[in-house]
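Student: My questions will all concern the structure given below.
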Amino acid sequence: VDCGDFLLVNGYFPNGGQGDERVRFKLDYYRDLLAWTQAQSRPCVVTGDWNTAHTELDIARPKENRKVSGFMDIERAEVDRWISAGFVDAFRLFCSEGGHYSWWSARAGSRQRNIGWRLDYFLVSRALAPRVRACTHHPEVSGSDHCPISLEIA
């Protein structure tokens with residue numbers, strides 16, 4: 001979406017849970033989209049279901065999920081690549097602690113027990129970071145295994 005002085009990209013990033021070939025596809029998607037954002041003449045906001053919990057703060061059980069797609073080191077390294085390229089995790093501008101998730105398994109009351117993953121992100125170009133006024137998760141909103149997230153930019 002052309003928002004005037006920046007571009008908004010809202011997407012669903014591939015899930016890598018179907019095996020090695022799908023993980024490779026997911027990693028290629030991350031790299032191709034990053035290259036596209038870097039070719040733009042304006043800053044970008046990239047949001048959606050990234051299908052990766054970036055850090056140990058972003059998942060309730062990091063040790064148990066280290067080899068599960070969505071938290072594998074090779075997937076997390078691609079999000080690191082975005083950060084190194086000048087993107088900022090807007091939520092982390094306001095919240096530095098764990099326990100805030102945007103997805104919960106439908107099994108075993110995971111949402112009620114807050115055993116989740118933060119898979120939904122707003123990554124903003126560093127130039128836009130000073131304009132970010134809020135980035136919020138809305139776990140009280142049900143109807144999906146994900147909760148909505150919101151971003152406010154001045």
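By convention here, the chains of the structure tokens are called A, B, ... in the order presented, each chain's residues are numbered starting at 1, and ligands are numbered starting at 1 in the order presented.
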Contacts of Asp73 of chain A at 12 Å or less, counting only C-alpha atoms, minus same-chain residues fewer than 4 places along, as a PyMOL selection string?
Tutor: chain A and resi 23+27+52-56+62-63+65-69+77-80
Student: Could you tell me, as JSON, numbers by chain, which residues of chain A DSSP assigns to helix (DSSP H, G or I) when given the backbone?
Tutor: {"A": [20, 21, 22, 23, 24, 25, 26, 27, 28, 29, 30, 31, 32, 33, 34, 35, 36, 37, 38, 56, 57, 58, 62, 63, 64, 65, 73, 74, 75, 76, 77, 78, 79, 80, 81, 82, 83, 84, 90, 91, 92, 93, 126, 127, 128, 129, 130, 131]}
Student: Do you know which residues are at most 7 Å from Val132 of chain A counting only C-alpha atoms, after dropping those on the same chain fewer than 5 positions away, and could you put them as a list in words?
Tutor: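 Once the adjacent positions are removed, what remains is Glu152, Ile153 and Ala154 of chain A.
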Student: Output N, CA, C and O atoms for every residue in the selection just made, as an mmCIF file, in the first residue's frame.
Tutor:
```
data_model
loop_
_atom_site.group_PDB
_atom_site.id
_atom_site.type_symbol
_atom_site.label_atom_id
_atom_site.label_comp_id
_atom_site.auth_asym_id
_atom_site.auth_seq_id
_atom_site.Cartn_x
_atom_site.Cartn_y
_atom_site.Cartn_z
ATOM 1 N N GLU A 152 0.647 2.258 15.428
ATOM 2 C CA GLU A 152 0.263 3.659 15.262
ATOM 3 C C GLU A 152 1.518 4.451 14.890
ATOM 4 O O GLU A 152 2.515 4.413 15.599
ATOM 5 N N ILE A 153 1.439 5.136 13.745
ATOM 6 C CA ILE A 153 2.551 5.959 13.261
ATOM 7 C C ILE A 153 2.080 7.404 13.166
ATOM 8 O O ILE A 153 1.008 7.673 12.629
ATOM 9 N N ALA A 154 2.890 8.323 13.667
ATOM 10 C CA ALA A 154 2.561 9.747 13.593
ATOM 11 C C ALA A 154 2.760 10.230 12.161
ATOM 12 O O ALA A 154 3.609 9.757 11.437
#
```
Student: I'd like the interatomic distance between atom CA of Cys44 of chain A and atom CA of Tyr30 of chain A, to a tenth of an Å.
Tutor: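 Computing the Euclidean distance for atom CA of Cys44 of chain A and atom CA of Tyr30 of chain A yields 14.6 Å.
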Student: Between A:Arg131, A:Phe94, A:Asp89, A:Ser142, which residue has the minimum interatomic distance to Ala106 of chain A, considering only C-alpha atoms?
Tutor: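 Of the candidates, the smallest distance to Ala106 of chain A is held by A:Ser142.
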Student: Taking only C-alpha atoms into account, which of A:Arg61, A:Gln38, A:Arg92, A:Leu119 comes nearest Pro14 of chain A?
Tutor: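 Answer, going by the shortest atom-to-atom distance: A:Leu119.
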Student: List every residue of chain A that DSSP, applied to the backbone, labels as strand (DSSP E), and write the result as a PyMOL selection string.
Tutor: chain A and resi 7-12+44-49+87-89+103-104+116-117+120-125+132-137+149-153
